[in-house]
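I have placed the structure first, in the form of structure tokens, so that the comments after it can refer back to it.
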Amino acid sequence: MAGSTFGTVFRVMTWGESHGKGIGVTIDGCPAGLPLSEEDIQPYLNRRKPGQSRYTTARQESDLVEILSGVFEGKTTGTPIAMMVRNTDQRSRDYGNIMNVYRPGHADFGFDTKYGFRDYRGGGRSSGRETTARVAAGAVACKLLEHFGIKVTAYVKSIGEFEIDPERFDIAERDRNPLNMPDAVCAVEAGEYLARLIEKQDSAGGVVECVADGVPAGVGEPVFDKLDACLAKAIMSIGAVKGFEIGDGFAVAKMRGSENNDPFRIAEDGSVEKTSNHSGGILGGISDGSQIVLRAAFKPTPSIARQQNTVNRSGENTEIEIHGRHDPVIVPRAVVVVECMTALTIADLLLQNRCAKL
């Protein structure tokens, strides 16, 4: 099974299944000398872990990370960094009724068709639990980016039709409500909407917005490894993501060139800057020094308890009701995943950029 590796210089490989003994990641290419400990990584995992509110799965996992290699006396050694998070609350019996049935909206059918088998216990490698490893690696990337003065921040922009109001935007509020929305009023409205969906045994989708501040101009390769192309691959590789935008995104299709172009000017310190940022901080696949802005659209959680039509492995029409512990909305827990995949992408291209010229 290919496709579990991401990156060129800062390279990560994730392993493990939803209901296996654990989830892990190996990072190759992290420079030596970076201060690093479990305490740097755990806060990111705590933001992703389940069981923290009525809007997340009731699965109880401590998600405690163990650094197995690559760190000595509190600093990275330049050798591969291996990390592991053990699974402690698997309930494979919850999935017994779907052993031979394909769940609508899931990877079951594609997985079975491609490999001739599937791990039906929570989806195996297709499970959202795989993102635990991405977050652990992304926490290291964020620590590396801090060294270069770069900060990546994500938040929930919308759930269903409820979207945050820019006039009420407060990033500190993101960490005060269970929906990770930087708008207290919208968080309450979205919460009431989700409560109604839970009663109807239904689920919701939403949008995560992510910004990267401090990325210098010149990051990204101009052909196949454009910064925005690499970010698109990174974000679209997250399960349940169905849409991706940079800057004004799809709105630019309705704009004129005079509206969409970002004028340049010389700042007071003599540097080049833009007077607007419709491009989202990337031109020609290369960062332009302004804030990078991207958005990811997540589909509604496909595991819902109401009856749905499907088929089984014997080629028969049937019906299914999915029981067990599932998020009524994926978006709040996905915030840190988007943040970390963005950081991994920028860290990798930033390190590649160090050999771009003499």
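Chain labels A, B, ... are given in the sequence in which chains occur in the structure tokens; within each chain residues are numbered consecutively from 1, and ligands are likewise numbered from 1 in the order shown.
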
Item to check | 9 Å contact set for Asn180 in chain A, only C-alpha atoms, chain neighbours under 5 positions out, as a VMD selection string | outcome: chain A and resid 155 to 157 173 to 175 187 331 to 333 335

Output N, CA and C atoms for every residue in that selection, as a CSV table (one decimal), in the first residue's frame.
```
chain,number,residue,atom,x,y,z
A,155,TYR,N,-9.0,27.9,12.1
A,155,TYR,CA,-10.2,28.1,12.9
A,155,TYR,C,-11.4,27.7,12.0
A,156,VAL,N,-12.5,27.4,12.6
A,156,VAL,CA,-13.7,27.1,11.9
A,156,VAL,C,-14.3,28.4,11.4
A,157,LYS,N,-14.5,28.5,10.1
A,157,LYS,CA,-15.1,29.7,9.4
A,157,LYS,C,-16.6,29.5,9.4
A,173,GLU,N,-11.3,33.6,21.1
A,173,GLU,CA,-12.6,32.9,21.3
A,173,GLU,C,-12.5,31.5,20.8
A,174,ARG,N,-11.7,31.3,19.8
A,174,ARG,CA,-11.6,29.9,19.2
A,174,ARG,C,-11.4,28.9,20.2
A,175,ASP,N,-10.6,29.2,21.2
A,175,ASP,CA,-10.2,28.2,22.2
A,175,ASP,C,-11.1,28.2,23.4
A,187,ALA,N,-20.8,30.7,17.2
A,187,ALA,CA,-20.6,29.4,17.9
A,187,ALA,C,-21.9,28.9,18.6
A,331,VAL,N,-15.6,19.1,11.5
A,331,VAL,CA,-14.9,20.3,11.3
A,331,VAL,C,-14.1,20.8,12.6
A,332,PRO,N,-14.7,20.9,13.8
A,332,PRO,CA,-13.9,21.4,14.9
A,332,PRO,C,-12.6,20.7,15.2
A,333,ARG,N,-12.7,19.3,15.1
A,333,ARG,CA,-11.4,18.6,15.4
A,333,ARG,C,-10.5,18.6,14.2
A,335,VAL,N,-9.6,21.3,12.6
A,335,VAL,CA,-8.9,22.6,12.6
A,335,VAL,C,-7.4,22.4,12.8
```

Next on the checklist: Considering only strand (DSSP E or B) as DSSP defines it on the backbone, what residues of range 142-256 of chain A qualify? List them as a ChimeraX atom specification.
Outcome noted: /A:151-159,162-163,204,206-213,241-246

Checklist entry - Using only C-alpha atoms, which residues sit within 8 Å of range 62-71 of chain A once same-chain residues fewer than 3 positions away are excluded, as an NGL selection string? => result :A and (36-38 or 41-42 or 45-46 or 49 or 74-88 or 136)

For the selection you just gave me, I'd like the residues written to a file as an mmCIF file, in the first residue's frame, keeping C-alpha atoms.
```
data_model
loop_
_atom_site.group_PDB
_atom_site.id
_atom_site.type_symbol
_atom_site.label_atom_id
_atom_site.label_comp_id
_atom_site.auth_asym_id
_atom_site.auth_seq_id
_atom_site.Cartn_x
_atom_site.Cartn_y
_atom_site.Cartn_z
ATOM 1 C CA LEU A 36 11.815 19.364 21.198
ATOM 2 C CA SER A 37 9.942 17.305 23.772
ATOM 3 C CA GLU A 38 6.607 15.563 24.229
ATOM 4 C CA ILE A 41 3.606 18.041 20.746
ATOM 5 C CA GLN A 42 0.926 17.127 23.298
ATOM 6 C CA LEU A 45 -2.850 16.306 20.021
ATOM 7 C CA ASN A 46 -5.105 17.517 22.830
ATOM 8 C CA LYS A 49 -8.420 14.110 20.484
ATOM 9 C CA GLY A 74 16.034 17.931 24.631
ATOM 10 C CA LYS A 75 17.114 18.652 21.048
ATOM 11 C CA THR A 76 16.702 16.965 17.688
ATOM 12 C CA THR A 77 19.768 15.073 16.499
ATOM 13 C CA GLY A 78 19.114 15.215 12.749
ATOM 14 C CA THR A 79 18.272 11.507 12.699
ATOM 15 C CA PRO A 80 14.725 10.191 12.060
ATOM 16 C CA ILE A 81 12.213 11.218 14.724
ATOM 17 C CA ALA A 82 9.798 8.380 15.541
ATOM 18 C CA MET A 83 6.655 9.047 17.554
ATOM 19 C CA MET A 84 3.782 6.844 18.676
ATOM 20 C CA VAL A 85 0.318 7.305 20.181
ATOM 21 C CA ARG A 86 -1.219 4.130 21.580
ATOM 22 C CA ASN A 87 -4.884 3.267 21.030
ATOM 23 C CA THR A 88 -6.613 2.492 24.320
ATOM 24 C CA ALA A 136 2.209 14.879 15.861
#
```

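Taking the backbone of this structure through DSSP, the residues of range 279-341 of chain A that come out as helix (DSSP H, G or I) are A:Val331, A:Pro332, A:Arg333, A:Ala334, A:Val335, A:Val336, A:Val337, A:Val338, A:Glu339, A:Cys340, A:Met341.
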
Checklist entry - Can you tell me, as a ChimeraX atom specification, what residues are no more than 9 Å from Ala204 in chain A when counting only C-alpha atoms, ignoring any on the same chain fewer than 2 positions away? => result /A:159-160,194,197,202,206,298-301,328-331

Output all heavy atoms for every residue in the selection just made, as an mmCIF file, in the first residue's frame.
```cif
data_model
loop_
_atom_site.group_PDB
_atom_site.id
_atom_site.type_symbol
_atom_site.label_atom_id
_atom_site.label_comp_id
_atom_site.auth_asym_id
_atom_site.auth_seq_id
_atom_site.Cartn_x
_atom_site.Cartn_y
_atom_site.Cartn_z
ATOM 1 N N ILE A 159 -20.079 26.436 9.815
ATOM 2 C CA ILE A 159 -20.689 25.114 9.977
ATOM 3 C C ILE A 159 -22.076 25.209 9.377
ATOM 4 O O ILE A 159 -22.886 26.053 9.797
ATOM 5 C CB ILE A 159 -20.760 24.688 11.454
ATOM 6 C CG1 ILE A 159 -19.358 24.397 11.997
ATOM 7 C CG2 ILE A 159 -21.659 23.466 11.616
ATOM 8 C CD1 ILE A 159 -19.324 24.053 13.467
ATOM 9 N N GLY A 160 -22.359 24.378 8.392
ATOM 10 C CA GLY A 160 -23.613 24.519 7.678
ATOM 11 C C GLY A 160 -23.704 25.908 7.079
ATOM 12 O O GLY A 160 -22.762 26.385 6.433
ATOM 13 N N LEU A 194 -26.488 22.228 15.385
ATOM 14 C CA LEU A 194 -25.985 20.860 15.528
ATOM 15 C C LEU A 194 -26.855 20.048 16.479
ATOM 16 O O LEU A 194 -27.074 18.850 16.266
ATOM 17 C CB LEU A 194 -24.538 20.883 16.022
ATOM 18 C CG LEU A 194 -23.491 21.355 15.009
ATOM 19 C CD1 LEU A 194 -22.123 21.491 15.680
ATOM 20 C CD2 LEU A 194 -23.403 20.404 13.821
ATOM 21 N N LEU A 197 -29.654 18.721 14.568
ATOM 22 C CA LEU A 197 -29.245 17.636 13.681
ATOM 23 C C LEU A 197 -29.031 16.342 14.459
ATOM 24 O O LEU A 197 -29.374 15.256 13.974
ATOM 25 C CB LEU A 197 -27.956 18.011 12.939
ATOM 26 C CG LEU A 197 -28.080 19.068 11.838
ATOM 27 C CD1 LEU A 197 -26.729 19.286 11.180
ATOM 28 C CD2 LEU A 197 -29.108 18.665 10.796
ATOM 29 N N ASP A 202 -28.582 13.145 12.198
ATOM 30 C CA ASP A 202 -27.953 13.649 10.981
ATOM 31 C C ASP A 202 -26.641 14.352 11.336
ATOM 32 O O ASP A 202 -26.262 14.418 12.516
ATOM 33 C CB ASP A 202 -28.906 14.607 10.262
ATOM 34 C CG ASP A 202 -28.806 14.493 8.754
ATOM 35 O OD1 ASP A 202 -27.760 14.036 8.255
ATOM 36 O OD2 ASP A 202 -29.786 14.862 8.065
ATOM 37 N N GLY A 206 -18.718 21.823 6.975
ATOM 38 C CA GLY A 206 -18.278 23.179 7.275
ATOM 39 C C GLY A 206 -16.967 23.515 6.607
ATOM 40 O O GLY A 206 -16.419 22.727 5.834
ATOM 41 N N PHE A 298 -15.202 20.759 4.332
ATOM 42 C CA PHE A 298 -15.387 19.390 4.827
ATOM 43 C C PHE A 298 -16.831 18.950 4.623
ATOM 44 O O PHE A 298 -17.764 19.694 4.921
ATOM 45 C CB PHE A 298 -15.050 19.308 6.318
ATOM 46 C CG PHE A 298 -13.579 19.355 6.611
ATOM 47 C CD1 PHE A 298 -12.907 20.570 6.638
ATOM 48 C CD2 PHE A 298 -12.867 18.199 6.855
ATOM 49 C CE1 PHE A 298 -11.545 20.623 6.903
ATOM 50 C CE2 PHE A 298 -11.501 18.231 7.129
ATOM 51 C CZ PHE A 298 -10.840 19.455 7.145
ATOM 52 N N LYS A 299 -17.001 17.732 4.130
ATOM 53 C CA LYS A 299 -18.345 17.200 3.948
ATOM 54 C C LYS A 299 -18.928 16.804 5.314
ATOM 55 O O LYS A 299 -18.197 16.644 6.299
ATOM 56 C CB LYS A 299 -18.322 15.982 3.020
ATOM 57 C CG LYS A 299 -17.647 14.747 3.607
ATOM 58 C CD LYS A 299 -17.707 13.589 2.626
ATOM 59 C CE LYS A 299 -17.099 12.316 3.232
ATOM 60 N NZ LYS A 299 -17.156 11.180 2.287
ATOM 61 N N PRO A 300 -20.243 16.619 5.385
ATOM 62 C CA PRO A 300 -20.851 16.139 6.635
ATOM 63 C C PRO A 300 -20.322 14.752 6.999
ATOM 64 O O PRO A 300 -19.967 13.966 6.114
ATOM 65 C CB PRO A 300 -22.348 16.071 6.300
ATOM 66 C CG PRO A 300 -22.518 16.981 5.130
ATOM 67 C CD PRO A 300 -21.247 16.884 4.350
ATOM 68 N N THR A 301 -20.265 14.460 8.276
ATOM 69 C CA THR A 301 -19.859 13.132 8.729
ATOM 70 C C THR A 301 -20.732 12.073 8.058
ATOM 71 O O THR A 301 -21.959 12.116 8.190
ATOM 72 C CB THR A 301 -20.019 13.013 10.254
ATOM 73 O OG1 THR A 301 -19.465 14.174 10.878
ATOM 74 C CG2 THR A 301 -19.333 11.761 10.777
ATOM 75 N N PRO A 328 -20.826 14.220 15.097
ATOM 76 C CA PRO A 328 -21.906 14.778 14.270
ATOM 77 C C PRO A 328 -21.390 15.848 13.313
ATOM 78 O O PRO A 328 -22.059 16.206 12.354
ATOM 79 C CB PRO A 328 -22.872 15.359 15.298
ATOM 80 C CG PRO A 328 -22.017 15.648 16.489
ATOM 81 C CD PRO A 328 -20.965 14.576 16.508
ATOM 82 N N VAL A 329 -20.190 16.354 13.591
ATOM 83 C CA VAL A 329 -19.531 17.306 12.703
ATOM 84 C C VAL A 329 -18.025 17.100 12.849
ATOM 85 O O VAL A 329 -17.490 17.019 13.959
ATOM 86 C CB VAL A 329 -19.938 18.764 13.030
ATOM 87 C CG1 VAL A 329 -19.544 19.155 14.448
ATOM 88 C CG2 VAL A 329 -19.347 19.729 12.018
ATOM 89 N N ILE A 330 -17.339 16.987 11.726
ATOM 90 C CA ILE A 330 -15.897 16.722 11.736
ATOM 91 C C ILE A 330 -15.090 17.995 11.945
ATOM 92 O O ILE A 330 -14.005 17.991 12.518
ATOM 93 C CB ILE A 330 -15.481 16.067 10.394
ATOM 94 C CG1 ILE A 330 -16.152 14.707 10.226
ATOM 95 C CG2 ILE A 330 -13.970 15.927 10.289
ATOM 96 C CD1 ILE A 330 -16.012 14.128 8.831
ATOM 97 N N VAL A 331 -15.648 19.103 11.494
ATOM 98 C CA VAL A 331 -14.896 20.345 11.325
ATOM 99 C C VAL A 331 -14.117 20.822 12.562
ATOM 100 O O VAL A 331 -12.938 21.172 12.446
ATOM 101 C CB VAL A 331 -15.834 21.456 10.814
ATOM 102 C CG1 VAL A 331 -15.060 22.730 10.510
ATOM 103 C CG2 VAL A 331 -16.566 20.991 9.567
#
```

Next on the checklist: Taking 6 positions as the minimum chain separation for residues in the same chain, which residues sit within 7 Å of His278 in chain A when counting only C-alpha atoms? Answer as number ranges by chain.
Outcome noted: A: 247-248, 260, 262

Checklist entry - Ala190 in chain A: which residues within 9 Å, counting only C-alpha atoms, same-chain residues fewer than 6 positions away excluded, as a VMD selection string? => result chain A and resid 158 to 163 179

Export all heavy atoms of the chosen residues as a PDB file, in the first residue's frame?
```
ATOM      1  N   SER A 158     -17.057  28.271   9.113  1.00  0.00           N
ATOM      2  CA  SER A 158     -18.499  28.069   9.030  1.00  0.00           C
ATOM      3  C   SER A 158     -18.862  26.622   9.315  1.00  0.00           C
ATOM      4  O   SER A 158     -18.063  25.712   9.096  1.00  0.00           O
ATOM      5  CB  SER A 158     -19.026  28.464   7.649  1.00  0.00           C
ATOM      6  OG  SER A 158     -18.516  27.604   6.650  1.00  0.00           O
ATOM      7  N   ILE A 159     -20.079  26.436   9.815  1.00  0.00           N
ATOM      8  CA  ILE A 159     -20.689  25.114   9.977  1.00  0.00           C
ATOM      9  C   ILE A 159     -22.076  25.209   9.377  1.00  0.00           C
ATOM     10  O   ILE A 159     -22.886  26.053   9.797  1.00  0.00           O
ATOM     11  CB  ILE A 159     -20.760  24.688  11.454  1.00  0.00           C
ATOM     12  CG1 ILE A 159     -19.358  24.397  11.997  1.00  0.00           C
ATOM     13  CG2 ILE A 159     -21.659  23.466  11.616  1.00  0.00           C
ATOM     14  CD1 ILE A 159     -19.324  24.053  13.467  1.00  0.00           C
ATOM     15  N   GLY A 160     -22.359  24.378   8.392  1.00  0.00           N
ATOM     16  CA  GLY A 160     -23.613  24.519   7.678  1.00  0.00           C
ATOM     17  C   GLY A 160     -23.704  25.908   7.079  1.00  0.00           C
ATOM     18  O   GLY A 160     -22.762  26.385   6.433  1.00  0.00           O
ATOM     19  N   GLU A 161     -24.801  26.606   7.307  1.00  0.00           N
ATOM     20  CA  GLU A 161     -24.980  27.960   6.792  1.00  0.00           C
ATOM     21  C   GLU A 161     -24.555  29.031   7.792  1.00  0.00           C
ATOM     22  O   GLU A 161     -24.681  30.234   7.516  1.00  0.00           O
ATOM     23  CB  GLU A 161     -26.451  28.177   6.410  1.00  0.00           C
ATOM     24  CG  GLU A 161     -26.927  27.256   5.285  1.00  0.00           C
ATOM     25  CD  GLU A 161     -28.380  27.500   4.922  1.00  0.00           C
ATOM     26  OE1 GLU A 161     -29.031  28.335   5.596  1.00  0.00           O
ATOM     27  OE2 GLU A 161     -28.865  26.859   3.974  1.00  0.00           O
ATOM     28  N   PHE A 162     -24.025  28.618   8.928  1.00  0.00           N
ATOM     29  CA  PHE A 162     -23.650  29.574   9.968  1.00  0.00           C
ATOM     30  C   PHE A 162     -22.168  29.939   9.833  1.00  0.00           C
ATOM     31  O   PHE A 162     -21.280  29.120  10.092  1.00  0.00           O
ATOM     32  CB  PHE A 162     -23.957  29.003  11.349  1.00  0.00           C
ATOM     33  CG  PHE A 162     -25.419  28.755  11.566  1.00  0.00           C
ATOM     34  CD1 PHE A 162     -25.992  27.529  11.229  1.00  0.00           C
ATOM     35  CD2 PHE A 162     -26.238  29.750  12.080  1.00  0.00           C
ATOM     36  CE1 PHE A 162     -27.349  27.307  11.411  1.00  0.00           C
ATOM     37  CE2 PHE A 162     -27.599  29.535  12.268  1.00  0.00           C
ATOM     38  CZ  PHE A 162     -28.153  28.313  11.929  1.00  0.00           C
ATOM     39  N   GLU A 163     -21.908  31.169   9.425  1.00  0.00           N
ATOM     40  CA  GLU A 163     -20.542  31.634   9.147  1.00  0.00           C
ATOM     41  C   GLU A 163     -20.168  32.769  10.089  1.00  0.00           C
ATOM     42  O   GLU A 163     -20.992  33.636  10.413  1.00  0.00           O
ATOM     43  CB  GLU A 163     -20.439  32.101   7.693  1.00  0.00           C
ATOM     44  CG  GLU A 163     -19.035  32.526   7.282  1.00  0.00           C
ATOM     45  CD  GLU A 163     -18.921  32.766   5.787  1.00  0.00           C
ATOM     46  OE1 GLU A 163     -19.564  32.017   5.007  1.00  0.00           O
ATOM     47  OE2 GLU A 163     -18.190  33.692   5.391  1.00  0.00           O
ATOM     48  N   LEU A 179     -16.593  24.477  19.334  1.00  0.00           N
ATOM     49  CA  LEU A 179     -16.655  24.418  17.875  1.00  0.00           C
ATOM     50  C   LEU A 179     -15.461  25.083  17.209  1.00  0.00           C
ATOM     51  O   LEU A 179     -15.377  25.126  15.977  1.00  0.00           O
ATOM     52  CB  LEU A 179     -17.963  25.062  17.387  1.00  0.00           C
ATOM     53  CG  LEU A 179     -19.240  24.342  17.835  1.00  0.00           C
ATOM     54  CD1 LEU A 179     -20.473  25.051  17.289  1.00  0.00           C
ATOM     55  CD2 LEU A 179     -19.221  22.884  17.399  1.00  0.00           C
TER      56      LEU A 179
END
```

Next on the checklist: Under the rule that only C-alpha atoms are counted, which of A:Arg354, A:Arg118, A:Arg295, A:Lys242 is the nearest residue to Gly218 in chain A?
Outcome noted: A:Arg354

Item to check | Nearest to Thr310 in chain A by atom-to-atom distance, counting only C-alpha atoms, from A:Val140, A:Ala297, A:Ile322, A:Leu34 | outcome: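 Checking each candidate against Thr310 in chain A, we get A:Ile322 as the closest.
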
Checklist entry - Smallest atom-to-atom distance to Ala229 in chain A: which of A:Asn177, A:Ser287, A:Thr132, A:Thr113, using only C-alpha atoms? => result A:Ser287
